[in-house]
Amino acid sequence: MGDQQAERQRASVPPGWAERIEGLARGDYTPPQPRLAATVVLLREHDGGPQAYLLRRRASMAFAGGMYAYPGGGVDPRDGATDVGWAGPGPQEWAQRLGCSPETARAVVCAAVRETFEESGVLLAGADAGSVVADVSGEEWRAARAALEAHELSFAQFLAERGLVLRSDLLGAWARWITPEFEERRYDTWFFVAVLPEGQRTAEVPGEADRVAWLTPAEAVQRVDSGEFLMLPPTLTTLRELLPYTDPARALAAAYGRSIQPILAQAVIGSDGRLSISWPGHPELTMATPPAAPAPPTPPASPPSPASFGEPGGSSAPGGPGVLPEVSR
């Protein structure tokens with residue numbers, strides 16, 4: 001992390017966080033339950049290295065407005081339907097990988113594929129377990145994306161109408177981050193990686209974003225360090241973790257060996273009132289409020305005036321004539 005980025009981290013604890021952390025410490029603030037969510041880091045080969053697909057969320061959005069993120073979003077209740085066409089590892093296998101129930105695993109994996117299609121136009125599905133749709137850029141596909149986003153169509157219906165099955169084997173589980181308890185909007189999000197299928201391309205700028213970009217992880221990290229891009233800690237951390245991989249296939253293969261343990265921020269209020277927020281296993285993300293300014297030194301006592309001794313021309317000091325006032329030390 002660059003020095004400028006580190007300095008911003010140390011001084012960037014939002015005021016709302018501080019208030020809610022203090023409420024948690026007092027026991028008079030109840031954090032909201034996190035909503036299940038999924039997000040996918042799309043990778044493609046470009047000039048001998050991998051690039052990641054990033055969207056800048058519109059500034060007007062209630063959560064992470066103005067920040068760069070990956071395609072993703074909350075789980076729809078219909079994502080858990082058992083009639084979703086499916087190929088690849090099943091919900092039971094994904095449950096062991098993700099550390100959740102098979103029902104939750106089914107819904108999260110389905111949400112990952114659905115949200116990727118809605119927000120990027122990339123569809124991780126095919127006619128069978130050995131194929132992937134080659135081109136989903138036509139008007140019919142755009143209309144389907146809009147219907148899915150408006151909740152007018154379930155993903156199971158969408159796949160069935162086109163004779164397709166979800167390809168869960170094209171996803172690699174990367175991490176699980178839970179929004180801190182002191183955030184107003186909370187998500188329990190599984191991060192996945194996937195390689196852009198051959199023949200497919202990302203669609204125009206989606207409705208929830210005002211800008212998109214394909215960047216190498218190093219380029220994206222540099223833009224955050226310089227202050228050009230804003231990102232939430234999980235987004236930035238994922239990019240840093242992808243830095244060692246020289247092509248998308250290697251990154252996808254690496255996903256299968258990763259431990260998927262929930263990462264949740266911890267907040268500590270020091271004896272001096274200083275607030276520190278850290279994410280286990282990620283010391284580079286630590287945030288802290290500046291230490292309290294030292295109390296100003298006690299000014300020296302002023303020389304006594306004649307009035308302090310009850311002399312004519314002034315009133316006596318507290319305690320009666322001839323008694324000096326006490327100096328606080």
# chains A, B, ... in the order shown; residues from 1 in each chain; ligands from 1
$ residues_around --residues "Ala52 of chain A" --least-positions-apart "5" --cutoff "8 Å" --atoms "only C-alpha atoms" --output "number ranges by chain"
A: 41-44, 214-217
$ residues_around --residues "Leu55 of chain A" --least-positions-apart "5" --cutoff "8 Å" --atoms "only C-alpha atoms" --output "VMD selection string"
chain A and resid 68 to 71 209 to 213
$ residues_around --residues "segment 94-102 of chain A" --least-positions-apart "5" --cutoff "12 Å" --atoms "only C-alpha atoms" --output "ChimeraX atom specification"
/A:36,38,80-82,88-89,107-110,168-169,171-177,188-192,255-262
$ write_last_selection --atoms "N, CA and C atoms" --output "compact mmCIF listing (two decimals), in the first residue's frame"
# COMPACT_ATOMS: atom_id res chain seq x y z
N LEU A 36 -27.77 -12.05 2.35
CA LEU A 36 -26.91 -12.91 1.54
C LEU A 36 -26.66 -12.27 0.18
N ALA A 38 -23.73 -12.20 -3.51
CA ALA A 38 -22.64 -12.82 -4.26
C ALA A 38 -22.08 -11.80 -5.24
N GLY A 80 -33.03 -19.67 -4.90
CA GLY A 80 -32.92 -20.97 -4.25
C GLY A 80 -33.85 -22.02 -4.81
N ALA A 81 -34.54 -21.74 -5.90
CA ALA A 81 -35.48 -22.70 -6.49
C ALA A 81 -34.76 -23.97 -6.92
N THR A 82 -35.37 -25.10 -6.66
CA THR A 82 -34.74 -26.38 -6.98
C THR A 82 -34.87 -26.75 -8.45
N GLY A 88 -22.40 -29.03 -13.37
CA GLY A 88 -21.22 -28.77 -12.55
C GLY A 88 -21.47 -29.19 -11.12
N PRO A 89 -20.53 -28.88 -10.21
CA PRO A 89 -20.70 -29.24 -8.80
C PRO A 89 -22.07 -28.82 -8.28
N ALA A 107 -28.62 -21.00 -3.63
CA ALA A 107 -29.08 -19.64 -3.86
C ALA A 107 -27.91 -18.70 -4.16
N VAL A 108 -26.81 -18.86 -3.45
CA VAL A 108 -25.65 -17.97 -3.64
C VAL A 108 -25.02 -18.19 -5.01
N VAL A 109 -24.83 -19.43 -5.41
CA VAL A 109 -24.23 -19.72 -6.72
C VAL A 109 -25.14 -19.21 -7.83
N CYS A 110 -26.44 -19.44 -7.70
CA CYS A 110 -27.39 -18.94 -8.69
C CYS A 110 -27.35 -17.41 -8.76
N SER A 168 -22.04 -24.12 -12.96
CA SER A 168 -21.40 -23.78 -11.68
C SER A 168 -19.91 -24.07 -11.69
N ASP A 169 -19.46 -24.94 -12.61
CA ASP A 169 -18.04 -25.27 -12.67
C ASP A 169 -17.19 -24.14 -13.23
N LEU A 171 -17.25 -21.18 -12.02
CA LEU A 171 -17.00 -20.29 -10.88
C LEU A 171 -15.94 -20.89 -9.96
N GLY A 172 -15.12 -20.01 -9.39
CA GLY A 172 -14.19 -20.42 -8.36
C GLY A 172 -14.42 -19.56 -7.12
N ALA A 173 -14.71 -20.19 -5.99
CA ALA A 173 -14.94 -19.42 -4.76
C ALA A 173 -13.63 -18.82 -4.28
N TRP A 174 -13.66 -17.52 -3.97
CA TRP A 174 -12.42 -16.82 -3.62
C TRP A 174 -12.39 -16.37 -2.16
N ALA A 175 -13.48 -15.82 -1.65
CA ALA A 175 -13.48 -15.28 -0.28
C ALA A 175 -14.91 -15.05 0.17
N ARG A 176 -15.03 -14.77 1.46
CA ARG A 176 -16.34 -14.42 2.04
C ARG A 176 -16.13 -13.25 2.99
N TRP A 177 -16.80 -12.15 2.71
CA TRP A 177 -16.69 -10.95 3.54
C TRP A 177 -18.07 -10.59 4.07
N ASP A 188 -23.67 -10.38 3.61
CA ASP A 188 -22.81 -11.55 3.81
C ASP A 188 -22.49 -12.03 2.39
N THR A 189 -21.32 -11.65 1.90
CA THR A 189 -21.03 -11.78 0.47
C THR A 189 -19.94 -12.80 0.18
N TRP A 190 -20.26 -13.72 -0.73
CA TRP A 190 -19.26 -14.65 -1.24
C TRP A 190 -18.69 -14.08 -2.53
N PHE A 191 -17.36 -14.05 -2.60
CA PHE A 191 -16.65 -13.56 -3.79
C PHE A 191 -16.22 -14.77 -4.63
N PHE A 192 -16.45 -14.66 -5.93
CA PHE A 192 -16.06 -15.70 -6.88
C PHE A 192 -15.18 -15.08 -7.96
N ALA A 255 -8.28 -20.59 -7.04
CA ALA A 255 -9.46 -20.43 -6.18
C ALA A 255 -9.80 -21.73 -5.45
N TYR A 256 -9.53 -22.86 -6.09
CA TYR A 256 -9.94 -24.14 -5.49
C TYR A 256 -9.10 -24.50 -4.27
N GLY A 257 -7.98 -23.86 -4.09
CA GLY A 257 -7.15 -24.15 -2.91
C GLY A 257 -7.29 -23.13 -1.80
N ARG A 258 -8.17 -22.15 -1.97
CA ARG A 258 -8.30 -21.10 -0.96
C ARG A 258 -9.26 -21.51 0.16
N SER A 259 -8.98 -21.01 1.36
CA SER A 259 -9.86 -21.22 2.50
C SER A 259 -10.94 -20.13 2.50
N ILE A 260 -12.18 -20.55 2.59
CA ILE A 260 -13.29 -19.59 2.56
C ILE A 260 -13.83 -19.42 3.98
N GLN A 261 -13.18 -18.56 4.75
CA GLN A 261 -13.60 -18.26 6.11
C GLN A 261 -14.19 -16.85 6.14
N PRO A 262 -15.28 -16.65 6.87
CA PRO A 262 -15.87 -15.30 6.91
C PRO A 262 -14.91 -14.28 7.51
$ closest_residue --among "A:Leu148, A:Ala218, A:Leu123, A:Leu24" --to "Val136 of chain A" --atoms "only C-alpha atoms"
A:Leu123
$ atom_distance --atom1 "atom CA of Val13 of chain A" --atom2 "atom CA of Thr286 of chain A"
9.9 Å
$ select_by_dssp --residues "segment 101-286 of chain A" --states "strand (DSSP E or B)" --output "count of residues only"
45
$ select_by_dssp --residues "segment 19-184 of chain A" --states "alpha helix (DSSP H)" --output "PyMOL selection string"
chain A and resi 19-26+91-98+102-120+139-149+155-161
$ closest_residue --among "A:Gly48, A:Gly74, A:Gly138, A:Gly16" --to "Thr246 of chain A" --atoms "only C-alpha atoms"
A:Gly48
$ residues_around --residues "Gly121 of chain A" --least-positions-apart "3" --cutoff "10 Å" --atoms "only C-alpha atoms" --output "PyMOL selection string"
chain A and resi 71+114-118+124+135-137+141-142+145+200-206
$ residues_around --residues "Gln33 of chain A" --least-positions-apart "5" --cutoff "10 Å" --atoms "only C-alpha atoms" --output "list of chain:residue names"
A:Thr179, A:Glu181, A:Glu184, A:Arg185, A:Arg186, A:Tyr187, A:Asp188
$ residues_around --residues "Gly130 of chain A" --least-positions-apart "3" --cutoff "9 Å" --atoms "only C-alpha atoms" --output "number ranges by chain"
A: 87, 126-127, 167
$ closest_residue --among "A:Pro14, A:Gly85, A:Glu284, A:Leu239" --to "Leu54 of chain A" --atoms "only C-alpha atoms"
A:Leu239
$ residues_around --residues "segment 264-276 of chain A" --least-positions-apart "3" --cutoff "6 Å" --atoms "only C-alpha atoms" --output "list in words"
Ile178, Pro180, Trp279, Met287, Ala288, Thr289 and Pro291 of chain A
$ decode --residues "segment 255-278 of chain A" --atoms "N, CA and C atoms" --output "CSV table (one decimal), in the first residue's frame"
chain,number,residue,atom,x,y,z
A,255,ALA,N,-8.3,-20.6,-7.0
A,255,ALA,CA,-9.5,-20.4,-6.2
A,255,ALA,C,-9.8,-21.7,-5.4
A,256,TYR,N,-9.5,-22.9,-6.1
A,256,TYR,CA,-9.9,-24.1,-5.5
A,256,TYR,C,-9.1,-24.5,-4.3
A,257,GLY,N,-8.0,-23.9,-4.1
A,257,GLY,CA,-7.2,-24.2,-2.9
A,257,GLY,C,-7.3,-23.1,-1.8
A,258,ARG,N,-8.2,-22.1,-2.0
A,258,ARG,CA,-8.3,-21.1,-1.0
A,258,ARG,C,-9.3,-21.5,0.2
A,259,SER,N,-9.0,-21.0,1.4
A,259,SER,CA,-9.9,-21.2,2.5
A,259,SER,C,-10.9,-20.1,2.5
A,260,ILE,N,-12.2,-20.6,2.6
A,260,ILE,CA,-13.3,-19.6,2.6
A,260,ILE,C,-13.8,-19.4,4.0
A,261,GLN,N,-13.2,-18.6,4.7
A,261,GLN,CA,-13.6,-18.3,6.1
A,261,GLN,C,-14.2,-16.9,6.1
A,262,PRO,N,-15.3,-16.6,6.9
A,262,PRO,CA,-15.9,-15.3,6.9
A,262,PRO,C,-14.9,-14.3,7.5
A,263,ILE,N,-14.8,-13.1,6.9
A,263,ILE,CA,-14.0,-12.0,7.3
A,263,ILE,C,-14.9,-10.9,7.8
A,264,LEU,N,-14.8,-10.6,9.1
A,264,LEU,CA,-15.6,-9.6,9.7
A,264,LEU,C,-14.8,-8.6,10.5
A,265,ALA,N,-15.0,-7.3,10.3
A,265,ALA,CA,-14.2,-6.3,10.9
A,265,ALA,C,-14.4,-6.3,12.5
A,266,GLN,N,-13.3,-5.9,13.2
A,266,GLN,CA,-13.4,-5.8,14.6
A,266,GLN,C,-13.0,-4.4,15.0
A,267,ALA,N,-13.8,-3.9,16.0
A,267,ALA,CA,-13.6,-2.5,16.4
A,267,ALA,C,-13.2,-2.5,17.9
A,268,VAL,N,-12.2,-1.6,18.2
A,268,VAL,CA,-11.7,-1.5,19.6
A,268,VAL,C,-11.7,0.0,19.9
A,269,ILE,N,-12.3,0.3,21.1
A,269,ILE,CA,-12.2,1.7,21.6
A,269,ILE,C,-11.1,1.7,22.7
A,270,GLY,N,-10.0,2.4,22.5
A,270,GLY,CA,-8.9,2.4,23.5
A,270,GLY,C,-9.3,3.2,24.7
A,271,SER,N,-8.4,3.1,25.7
A,271,SER,CA,-8.7,3.9,27.0
A,271,SER,C,-8.6,5.4,26.8
A,272,ASP,N,-7.9,5.8,25.7
A,272,ASP,CA,-7.8,7.2,25.4
A,272,ASP,C,-8.9,7.7,24.5
A,273,GLY,N,-9.9,6.7,24.2
A,273,GLY,CA,-11.0,7.1,23.3
A,273,GLY,C,-10.7,6.9,21.8
A,274,ARG,N,-9.5,6.5,21.5
A,274,ARG,CA,-9.1,6.3,20.1
A,274,ARG,C,-9.8,5.1,19.6
A,275,LEU,N,-10.3,5.2,18.4
A,275,LEU,CA,-11.0,4.1,17.7
A,275,LEU,C,-10.1,3.4,16.7
A,276,SER,N,-10.1,2.0,16.8
A,276,SER,CA,-9.3,1.3,15.8
A,276,SER,C,-10.2,0.2,15.2
A,277,ILE,N,-10.1,0.1,13.9
A,277,ILE,CA,-10.9,-1.0,13.2
A,277,ILE,C,-10.0,-1.8,12.4
A,278,SER,N,-10.1,-3.1,12.5
A,278,SER,CA,-9.2,-4.0,11.8
A,278,SER,C,-10.0,-5.2,11.2
